[in-house]
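Trainee: Below are the structure tokens for one structure; questions will follow.
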Amino acid sequence: MLSIRNIVKQYAGHTALSDVSLEVESGQIFGLLGPNGAGKTSLIRIINQITAPDSGEVYFDGVKLNQSHIDRIGYLPEERGLYKKMEIGEQMIYLARLKGLSRDEAIKRLKYWFEKLEMQSWWNKKIEELSKGMQQKAQFVATILHEPDLIILDEPFSGFDPVNAEIIKDEILELNRKGATILFSTHRMESVEELCNSIALLNKSQKILDGKVRDIKNSYRNATYLVEYTGEKLLFNGSQPFTLVEEKQTDDANVIKIKLTDGVSSNDVLQYLIPKTSINMLQEVIPTMNEIFIEKVNQKPALS
Amino acid sequence: MNKVVLIIQREYMVRVKKKSFIVMIFVVPGLILAMSGAIALIAKNSGQLSSQQQVLVKDESGIFAGKFHNVNNIKFETTGQSVSSVEKSIKKDENITLLKIAKDYKAADSVAIFSTKKPAIALTSELEKQLNDIAENDALIKHHIDTAILRSTKSNISLNTIDITDTGDKKSSVGAAAGVGIACAILIYLSLFIYGAQVMRGVIEEKTSRVVEVIVSSVKPFQLMLGKIIGVGLVGLTQFFAWIVLSIVASKIVGSSFSSPQSSMVGLLSALKTIQFSYILGVFIFYFLTGYLLYSALFAAVGSAVDSETETQQFMFPITLPLLFTYVLSVSVLFQAPDSSLAVWLSIIPFTAPVAMMVRIPFGGVAPWQLGLSMFMMVAGFLFATWVAARIYRVGILMYGKKASYKELAKWFFYKE
């Protein structure tokens, strides 16, 4: 779907993107992650052809990015905004027509979406009369109305209350099921794990990690487990098949965090522990994307 | 290109639908109508008294009595009654005035008028004029000077100016040309400012509301800028057109209700007729359009470089300076010497040409090569300004929360596409 090759973008005095390459496969929900100032917005603007890279190329469905692709992309910027004094219906039609829809088609689709998201009564309202959450909803509709193949969402959930965030999330998933590829920029990791198939992590203008979420998480597994048991507190003398990382005591149970010795499986641990105490739970500790994110970002010092 | 049309449509419709636009369309010709009506009324009524005045003359010197002649609304009557008895009748009728002339009329305070209300200037000046005429005549006769000969030596010359043209000599009026020239200069100066500022405000609005980011993901920044400039320009033309139509209607109404042929009005009208209005209107529209395109592009660049209208000051100054400079010169120096080399140069430099040329045009002394060169420079000027502005604009609209300096604007200009 989208192939980004060796993009370099420099602004006077600082580098926004240095040699960034990415592959976004068709039908994916792709997470573009990174702390503020990592270069996410610069990259998104290049994909939207708002700015051009200093060097490097972007291919859209195998074709070098050009003006004809503009109508196939829907973009929800992080900095939201619509014309405050313009009526919402007219404004949506205007934005849709800029993306190549005819007036009639725009009205037809708007009716569908306004009904679906319960916005019918807003049609003649001016944007400034709507609440912030309502404006966001309207802008989301404007982003997807022309049924783009690639939907670029920059922090889509900021500004939504939990109820509406859920509604928007469901809509994003449905659009994805219908075939839209979604490029999703955020620094909120919990939504990444919920939604994204693949991610790329940008930091200080460079890509420092990318791949499928599952693969990345697997590669960060390090045989660490949590075990909860009840009964006498266990004492370990070094003969056990793991090393103790952490020990905690709750009101009615003990919790230990252990790292397995090489070649030992979780079953071996259970076999070792079962005769000694009563096990409530054994669970592998898989690092969250948040932890991986923080680890990776802190690992790489500034390169400029 | 289709998208530019959409943008033009939006920019135009949003402004034309505004209440303030509709109000302005009617208020401005309304003001012109009210003002010209007021001027006509004043012109008609000054020098005339609203009602019949009776002046009772009590002449103790014996020189004046019977020599007054009745004019328009003033009737003279010699009276022998005492001042106190006349005062009684004055108190009854406010249109009666007593003119009392003492035995020695040359002494100070020897001539006075008595009335219940403050006498109109028209009355006092008429009385003074007649008193002086009579006294003068009396003195001349006393010295045996023939007043008829004396009168014939007086002259009353007013200057007519004739333009020599290919089609034949015709009467022209320097005063009317200066008036029209200054009016055109003021109008073009104001409209360049008003509509240029509208473009700037539109750009700032898009930038601060962040809607610009959505728009430029659909169209190129240059298309957005162009669409806005053309849209606002069409609003300006619509407004002018509406004003011209309404003014013609208004002046017809004013003209018919004040049709009494006042000599001064007729003179003014015939003087105005010596000016070629369709030619001036055509030139005006050309200079408004090219001047507007030039300045609004610069205004758009300023709008893109700031985050709010309050920050525009530092960039506005160099843009408005040439306009203001020419405007001030126009109303002071240029119209007195419309063909001076200063005026010629100012009417060729694109930044000053719209105002300077509009002052010169009504005088008719602009050589075809000057007009041609000036128009060429205007077109070249606005193309260049649009090109420069667009390069700053495309970067500026996406720079939030950063106070731009001139150095920064220069950097933006040199950014690659």
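Every chain in the structure tokens takes a letter, A first, then B, and so on in the order presented; its residues are numbered from 1, and the ligands are numbered from 1 following the presented order.
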Which neighbours of Ala380 of chain B fall inside 12 Å, counting only C-alpha atoms, when residues of the same chain fewer than 6 positions from it are skipped, and could you give them as a ChimeraX atom specification?

Mentor: /B:290-291,293-294,348-351,373-374,386-387

Trainee: May I have a table of the residues of chain B lying at most 6 Å from chain A, giving each one's closest pair of atoms and their distance in Å to one decimal, counting only C-alpha atoms, ordered by chain and ascending residue number, as a tab-separated table?

Mentor:
```
residue	atom	partner	partner_atom	distance
B:Lys3	CA	A:Leu98	CA	5.9
B:Ser209	CA	A:Gly81	CA	5.0
B:Arg210	CA	A:Gly81	CA	4.6
B:Val211	CA	A:Gly81	CA	4.5
B:Ser217	CA	A:Asn48	CA	5.6
B:Ser218	CA	A:Lys99	CA	5.9
```

Trainee: Generate a file of the selected residues that holds C-alpha atoms, formatted as a CSV table (one decimal), in the first residue's frame.

Mentor:
```csv
chain,number,residue,atom,x,y,z
B,3,LYS,CA,-10.7,22.9,-6.7
B,209,SER,CA,-8.5,27.4,13.6
B,210,ARG,CA,-6.1,24.8,12.1
B,211,VAL,CA,-8.5,24.1,9.3
B,217,SER,CA,-4.1,17.9,2.3
B,218,SER,CA,-6.7,18.3,-0.5
```

Trainee: Using only C-alpha atoms, which residues sit within 12 Å of Lys18 of chain B once same-chain residues fewer than 5 positions away are excluded, as a list in words?

Mentor: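 The residues satisfying every condition are Lys85 and Met86 of chain A; Glu11, Tyr12, Met13, Val23, Met24, Ile25 and Val235 of chain B.
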
Trainee: Just list the residues in segment 323-415 of chain B DSSP gives helix (DSSP H, G or I) on the backbone, as a PyMOL selection string.

Mentor: chain B and resi 323-334+341-346+353-363+368-396+406-414

Trainee: Could you save those same residues with C-alpha atoms as an mmCIF file, in the first residue's frame?

Mentor:
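Wrote it out as part_29.cif, contents follow:
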```
data_model
loop_
_atom_site.group_PDB
_atom_site.id
_atom_site.type_symbol
_atom_site.label_atom_id
_atom_site.label_comp_id
_atom_site.auth_asym_id
_atom_site.auth_seq_id
_atom_site.Cartn_x
_atom_site.Cartn_y
_atom_site.Cartn_z
ATOM 1 C CA LEU B 323 0.532 53.174 -0.156
ATOM 2 C CA LEU B 324 0.295 55.689 2.627
ATOM 3 C CA PHE B 325 3.182 57.701 1.179
ATOM 4 C CA THR B 326 1.530 57.994 -2.230
ATOM 5 C CA TYR B 327 -1.820 58.715 -0.696
ATOM 6 C CA VAL B 328 -0.468 61.612 1.337
ATOM 7 C CA LEU B 329 1.399 62.952 -1.709
ATOM 8 C CA SER B 330 -1.736 62.571 -3.831
ATOM 9 C CA VAL B 331 -3.941 64.758 -1.736
ATOM 10 C CA SER B 332 -1.222 67.370 -1.260
ATOM 11 C CA VAL B 333 1.283 67.550 -4.130
ATOM 12 C CA LEU B 334 0.328 65.257 -6.984
ATOM 13 C CA SER B 341 8.333 63.799 -12.992
ATOM 14 C CA LEU B 342 7.588 62.728 -9.394
ATOM 15 C CA ALA B 343 3.999 61.959 -10.368
ATOM 16 C CA VAL B 344 5.104 60.120 -13.506
ATOM 17 C CA TRP B 345 7.551 57.931 -11.616
ATOM 18 C CA LEU B 346 5.134 57.170 -8.823
ATOM 19 C CA ALA B 353 0.997 53.258 -9.205
ATOM 20 C CA PRO B 354 -2.646 52.463 -8.305
ATOM 21 C CA VAL B 355 -3.043 55.589 -6.184
ATOM 22 C CA ALA B 356 -0.738 57.862 -8.192
ATOM 23 C CA MET B 357 -2.196 56.925 -11.566
ATOM 24 C CA MET B 358 -5.759 57.430 -10.388
ATOM 25 C CA VAL B 359 -4.870 60.986 -9.397
ATOM 26 C CA ARG B 360 -3.320 61.680 -12.798
ATOM 27 C CA ILE B 361 -5.900 60.047 -15.048
ATOM 28 C CA PRO B 362 -8.771 62.539 -14.640
ATOM 29 C CA PHE B 363 -6.436 65.386 -15.711
ATOM 30 C CA PRO B 368 -0.099 56.419 -23.785
ATOM 31 C CA TRP B 369 3.432 55.054 -23.251
ATOM 32 C CA GLN B 370 3.241 55.998 -19.579
ATOM 33 C CA LEU B 371 -0.078 54.259 -19.135
ATOM 34 C CA GLY B 372 1.142 51.235 -21.092
ATOM 35 C CA LEU B 373 4.396 50.978 -19.123
ATOM 36 C CA SER B 374 2.563 51.462 -15.857
ATOM 37 C CA MET B 375 0.038 48.724 -16.687
ATOM 38 C CA PHE B 376 2.799 46.383 -17.764
ATOM 39 C CA MET B 377 4.658 47.076 -14.518
ATOM 40 C CA MET B 378 1.493 46.419 -12.521
ATOM 41 C CA VAL B 379 1.005 43.018 -14.119
ATOM 42 C CA ALA B 380 4.681 42.127 -13.718
ATOM 43 C CA GLY B 381 4.567 43.454 -10.160
ATOM 44 C CA PHE B 382 1.605 41.407 -9.053
ATOM 45 C CA LEU B 383 2.980 38.232 -10.669
ATOM 46 C CA PHE B 384 6.269 38.745 -8.837
ATOM 47 C CA ALA B 385 4.569 39.581 -5.529
ATOM 48 C CA THR B 386 2.326 36.520 -5.804
ATOM 49 C CA TRP B 387 5.316 34.326 -6.474
ATOM 50 C CA VAL B 388 7.242 35.678 -3.472
ATOM 51 C CA ALA B 389 4.175 35.588 -1.227
ATOM 52 C CA ALA B 390 3.285 32.032 -2.194
ATOM 53 C CA ARG B 391 6.730 30.791 -1.195
ATOM 54 C CA ILE B 392 6.402 32.333 2.250
ATOM 55 C CA TYR B 393 2.747 31.365 2.569
ATOM 56 C CA ARG B 394 3.202 27.627 1.922
ATOM 57 C CA VAL B 395 5.623 27.354 4.870
ATOM 58 C CA GLY B 396 4.008 29.934 7.126
ATOM 59 C CA TYR B 406 12.193 38.727 8.713
ATOM 60 C CA LYS B 407 15.180 36.407 8.791
ATOM 61 C CA GLU B 408 12.833 33.489 9.154
ATOM 62 C CA LEU B 409 10.616 34.651 6.317
ATOM 63 C CA ALA B 410 13.699 34.768 4.101
ATOM 64 C CA LYS B 411 14.543 31.211 5.115
ATOM 65 C CA TRP B 412 11.025 30.050 4.297
ATOM 66 C CA PHE B 413 11.316 31.699 0.933
ATOM 67 C CA PHE B 414 14.359 29.596 0.074
#
```

Trainee: Do a neighbour search on segment 275-287 of chain A at 9 Å with only C-alpha atoms, toss out local chain neighbours closer than 5 positions, and write the hits as a ChimeraX atom specification.

Mentor: /A:217-218,220-234,253,257,266,270,292

Trainee: Atoms to include: N, CA, C and O atoms. Write the selected residues as an mmCIF file, in the first residue's frame.

Mentor:
```
data_model
loop_
_atom_site.group_PDB
_atom_site.id
_atom_site.type_symbol
_atom_site.label_atom_id
_atom_site.label_comp_id
_atom_site.auth_asym_id
_atom_site.auth_seq_id
_atom_site.Cartn_x
_atom_site.Cartn_y
_atom_site.Cartn_z
ATOM 1 N N LYS A 217 6.620 -7.971 20.346
ATOM 2 C CA LYS A 217 6.422 -8.347 21.743
ATOM 3 C C LYS A 217 7.124 -9.662 22.050
ATOM 4 O O LYS A 217 7.733 -9.816 23.112
ATOM 5 N N ASN A 218 7.036 -10.588 21.096
ATOM 6 C CA ASN A 218 7.718 -11.870 21.318
ATOM 7 C C ASN A 218 9.213 -11.679 21.485
ATOM 8 O O ASN A 218 9.840 -12.326 22.321
ATOM 9 N N TYR A 220 10.623 -9.346 22.735
ATOM 10 C CA TYR A 220 10.948 -8.711 24.022
ATOM 11 C C TYR A 220 10.604 -9.600 25.205
ATOM 12 O O TYR A 220 10.717 -9.186 26.344
ATOM 13 N N ARG A 221 10.122 -10.824 24.920
ATOM 14 C CA ARG A 221 9.885 -11.770 26.024
ATOM 15 C C ARG A 221 11.233 -12.201 26.556
ATOM 16 O O ARG A 221 12.147 -12.488 25.803
ATOM 17 N N ASN A 222 11.348 -12.269 27.884
ATOM 18 C CA ASN A 222 12.628 -12.736 28.416
ATOM 19 C C ASN A 222 12.427 -13.744 29.543
ATOM 20 O O ASN A 222 13.093 -13.702 30.561
ATOM 21 N N ALA A 223 11.443 -14.642 29.322
ATOM 22 C CA ALA A 223 11.223 -15.762 30.236
ATOM 23 C C ALA A 223 10.975 -15.309 31.663
ATOM 24 O O ALA A 223 11.466 -15.894 32.623
ATOM 25 N N THR A 224 10.221 -14.229 31.792
ATOM 26 C CA THR A 224 9.887 -13.740 33.127
ATOM 27 C C THR A 224 8.430 -14.098 33.422
ATOM 28 O O THR A 224 7.564 -13.961 32.557
ATOM 29 N N TYR A 225 8.183 -14.598 34.626
ATOM 30 C CA TYR A 225 6.832 -15.029 35.004
ATOM 31 C C TYR A 225 6.452 -14.441 36.340
ATOM 32 O O TYR A 225 7.312 -14.143 37.172
ATOM 33 N N LEU A 226 5.125 -14.298 36.520
ATOM 34 C CA LEU A 226 4.598 -13.932 37.830
ATOM 35 C C LEU A 226 3.949 -15.172 38.412
ATOM 36 O O LEU A 226 3.194 -15.856 37.740
ATOM 37 N N VAL A 227 4.223 -15.442 39.670
ATOM 38 C CA VAL A 227 3.587 -16.578 40.330
ATOM 39 C C VAL A 227 2.921 -16.075 41.599
ATOM 40 O O VAL A 227 3.520 -15.327 42.379
ATOM 41 N N GLU A 228 1.639 -16.477 41.756
ATOM 42 C CA GLU A 228 0.948 -16.103 42.992
ATOM 43 C C GLU A 228 0.623 -17.387 43.747
ATOM 44 O O GLU A 228 0.123 -18.341 43.167
ATOM 45 N N TYR A 229 0.933 -17.409 45.023
ATOM 46 C CA TYR A 229 0.632 -18.602 45.812
ATOM 47 C C TYR A 229 0.138 -18.208 47.181
ATOM 48 O O TYR A 229 0.381 -17.107 47.665
ATOM 49 N N THR A 230 -0.556 -19.148 47.843
ATOM 50 C CA THR A 230 -0.997 -18.910 49.222
ATOM 51 C C THR A 230 -0.277 -19.892 50.126
ATOM 52 O O THR A 230 0.154 -20.967 49.702
ATOM 53 N N GLY A 231 -0.179 -19.507 51.354
ATOM 54 C CA GLY A 231 0.487 -20.380 52.320
ATOM 55 C C GLY A 231 1.783 -19.758 52.797
ATOM 56 O O GLY A 231 2.021 -18.566 52.615
ATOM 57 N N GLU A 232 2.562 -20.546 53.486
ATOM 58 C CA GLU A 232 3.840 -20.101 54.037
ATOM 59 C C GLU A 232 4.685 -19.419 52.979
ATOM 60 O O GLU A 232 4.707 -19.830 51.825
ATOM 61 N N LYS A 233 5.387 -18.393 53.390
ATOM 62 C CA LYS A 233 6.285 -17.734 52.461
ATOM 63 C C LYS A 233 7.446 -18.658 52.123
ATOM 64 O O LYS A 233 8.066 -19.240 53.027
ATOM 65 N N LEU A 234 7.694 -18.813 50.818
ATOM 66 C CA LEU A 234 8.730 -19.759 50.392
ATOM 67 C C LEU A 234 10.107 -19.126 50.513
ATOM 68 O O LEU A 234 10.279 -17.924 50.336
ATOM 69 N N ALA A 253 -2.021 -13.461 49.910
ATOM 70 C CA ALA A 253 -1.220 -14.237 48.959
ATOM 71 C C ALA A 253 0.177 -13.643 48.840
ATOM 72 O O ALA A 253 0.429 -12.502 49.236
ATOM 73 N N LYS A 257 8.085 -12.558 41.226
ATOM 74 C CA LYS A 257 8.413 -12.378 39.819
ATOM 75 C C LYS A 257 9.715 -13.130 39.606
ATOM 76 O O LYS A 257 10.705 -12.874 40.318
ATOM 77 N N SER A 266 7.892 -23.389 31.754
ATOM 78 C CA SER A 266 6.995 -23.031 32.847
ATOM 79 C C SER A 266 6.476 -24.276 33.557
ATOM 80 O O SER A 266 6.193 -24.250 34.759
ATOM 81 N N LEU A 270 6.355 -25.222 37.572
ATOM 82 C CA LEU A 270 5.192 -25.704 38.312
ATOM 83 C C LEU A 270 5.517 -26.994 39.056
ATOM 84 O O LEU A 270 5.164 -27.154 40.227
ATOM 85 N N ILE A 292 8.207 -1.279 26.072
ATOM 86 C CA ILE A 292 9.152 -1.382 24.953
ATOM 87 C C ILE A 292 9.469 0.012 24.434
ATOM 88 O O ILE A 292 10.633 0.359 24.188
#
```

Trainee: Quick one: residues within 12 Å of Glu57 of chain A, only C-alpha atoms counted, chain neighbours fewer than 3 positions away excluded, as a list in words?

Mentor: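 The neighbour list is Leu2, Ser3, Ile4, Arg5, Asn6, Ile7, Val8, Lys9, Asp19, Val20, Ser21, Leu22, Leu43, Ile46, Ile47, Gln49, Ala52, Pro53, Asp54, Phe60, Gly62, Val63, Lys64, Leu65 and Asn66 of chain A.
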
Trainee: Write a file of the just-selected residues containing N, CA, C and O atoms, as a compact mmCIF listing (two decimals), in the first residue's frame.

Mentor:
```txt
# COMPACT_ATOMS: atom_id res chain seq x y z
N LEU A 2 1.70 1.32 0.99
CA LEU A 2 2.52 2.52 1.14
C LEU A 2 3.95 2.09 1.40
O LEU A 2 4.21 1.30 2.31
N SER A 3 4.83 2.59 0.56
CA SER A 3 6.22 2.23 0.73
C SER A 3 7.03 3.52 0.84
O SER A 3 7.05 4.32 -0.09
N ILE A 4 7.63 3.70 1.98
CA ILE A 4 8.36 4.93 2.24
C ILE A 4 9.84 4.59 2.21
O ILE A 4 10.29 3.72 2.95
N ARG A 5 10.57 5.24 1.32
CA ARG A 5 11.96 4.83 1.11
C ARG A 5 12.95 5.97 1.33
O ARG A 5 12.95 6.95 0.60
N ASN A 6 13.76 5.80 2.35
CA ASN A 6 14.90 6.69 2.61
C ASN A 6 14.54 8.17 2.63
O ASN A 6 15.18 8.99 1.98
N ILE A 7 13.51 8.46 3.39
CA ILE A 7 13.07 9.86 3.43
C ILE A 7 13.98 10.68 4.33
O ILE A 7 14.28 10.31 5.46
N VAL A 8 14.43 11.82 3.78
CA VAL A 8 15.18 12.80 4.56
C VAL A 8 14.46 14.12 4.47
O VAL A 8 14.06 14.54 3.38
N LYS A 9 14.23 14.74 5.61
CA LYS A 9 13.61 16.07 5.60
C LYS A 9 14.34 16.93 6.61
O LYS A 9 14.43 16.58 7.78
N ASP A 19 16.66 9.54 6.85
CA ASP A 19 16.71 8.23 6.21
C ASP A 19 15.69 7.24 6.80
O ASP A 19 16.04 6.17 7.26
N VAL A 20 14.43 7.63 6.75
CA VAL A 20 13.38 6.77 7.30
C VAL A 20 12.76 5.94 6.18
O VAL A 20 12.39 6.47 5.13
N SER A 21 12.68 4.63 6.40
CA SER A 21 12.00 3.74 5.45
C SER A 21 10.95 2.93 6.19
O SER A 21 11.18 2.49 7.31
N LEU A 22 9.80 2.77 5.54
CA LEU A 22 8.70 2.02 6.16
C LEU A 22 7.92 1.30 5.09
O LEU A 22 7.85 1.76 3.95
N LEU A 43 6.51 13.26 8.74
CA LEU A 43 6.34 12.13 7.84
C LEU A 43 4.91 12.11 7.27
O LEU A 43 4.71 11.90 6.07
N ILE A 46 4.42 14.58 4.62
CA ILE A 46 5.02 14.17 3.35
C ILE A 46 4.10 13.19 2.62
O ILE A 46 3.87 13.31 1.42
N ILE A 47 3.51 12.26 3.38
CA ILE A 47 2.59 11.30 2.76
C ILE A 47 1.38 12.03 2.17
O ILE A 47 0.87 11.69 1.12
N GLN A 49 1.44 14.91 0.95
CA GLN A 49 1.95 15.85 -0.05
C GLN A 49 1.75 17.30 0.35
O GLN A 49 1.61 18.19 -0.49
N ALA A 52 7.24 18.33 0.77
CA ALA A 52 7.98 17.32 0.00
C ALA A 52 9.27 17.00 0.74
O ALA A 52 9.82 17.85 1.43
N PRO A 53 9.73 15.76 0.64
CA PRO A 53 10.99 15.41 1.31
C PRO A 53 12.18 16.01 0.56
O PRO A 53 12.10 16.30 -0.62
N ASP A 54 13.30 16.17 1.30
CA ASP A 54 14.52 16.65 0.65
C ASP A 54 15.08 15.56 -0.26
O ASP A 54 15.58 15.83 -1.34
N PHE A 60 2.84 4.78 -3.56
CA PHE A 60 1.47 4.47 -3.15
C PHE A 60 0.97 3.40 -4.11
O PHE A 60 0.88 3.65 -5.30
N GLY A 62 2.60 1.05 -5.28
CA GLY A 62 3.62 0.81 -6.28
C GLY A 62 3.88 1.97 -7.22
O GLY A 62 4.78 1.90 -8.05
N VAL A 63 3.08 3.04 -7.10
CA VAL A 63 3.27 4.19 -7.99
C VAL A 63 3.83 5.34 -7.17
O VAL A 63 3.41 5.56 -6.03
N LYS A 64 4.76 6.04 -7.75
CA LYS A 64 5.34 7.17 -7.04
C LYS A 64 4.25 8.18 -6.70
O LYS A 64 3.42 8.52 -7.54
N LEU A 65 4.29 8.63 -5.47
CA LEU A 65 3.24 9.51 -4.96
C LEU A 65 3.03 10.72 -5.87
O LEU A 65 3.98 11.41 -6.24
N ASN A 66 1.78 10.98 -6.27
CA ASN A 66 1.49 12.16 -7.09
C ASN A 66 0.11 12.71 -6.74
O ASN A 66 -0.58 12.18 -5.86
```

Trainee: Could you please write out, as a VMD selection string, every residue of segment 18-161 of chain A that DSSP assigns to strand (DSSP E or B)?

Mentor: chain A and resid 18 to 24 29 to 33 55 to 60 63 to 64 73 to 76 87 126 150 to 154

Trainee: Counting only C-alpha atoms, which of A:Glu105, A:Tyr272, A:Gly159, A:Gly263 gets nearest to Ser131 of chain A?

Mentor: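 Of the candidates, the smallest distance to Ser131 of chain A is held by A:Gly159.
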
Trainee: Can you work out the spacing between atom CA of Val180 of chain B and atom CA of Phe26 of chain B in Å, to one decimal?

Mentor: 22.1 Å
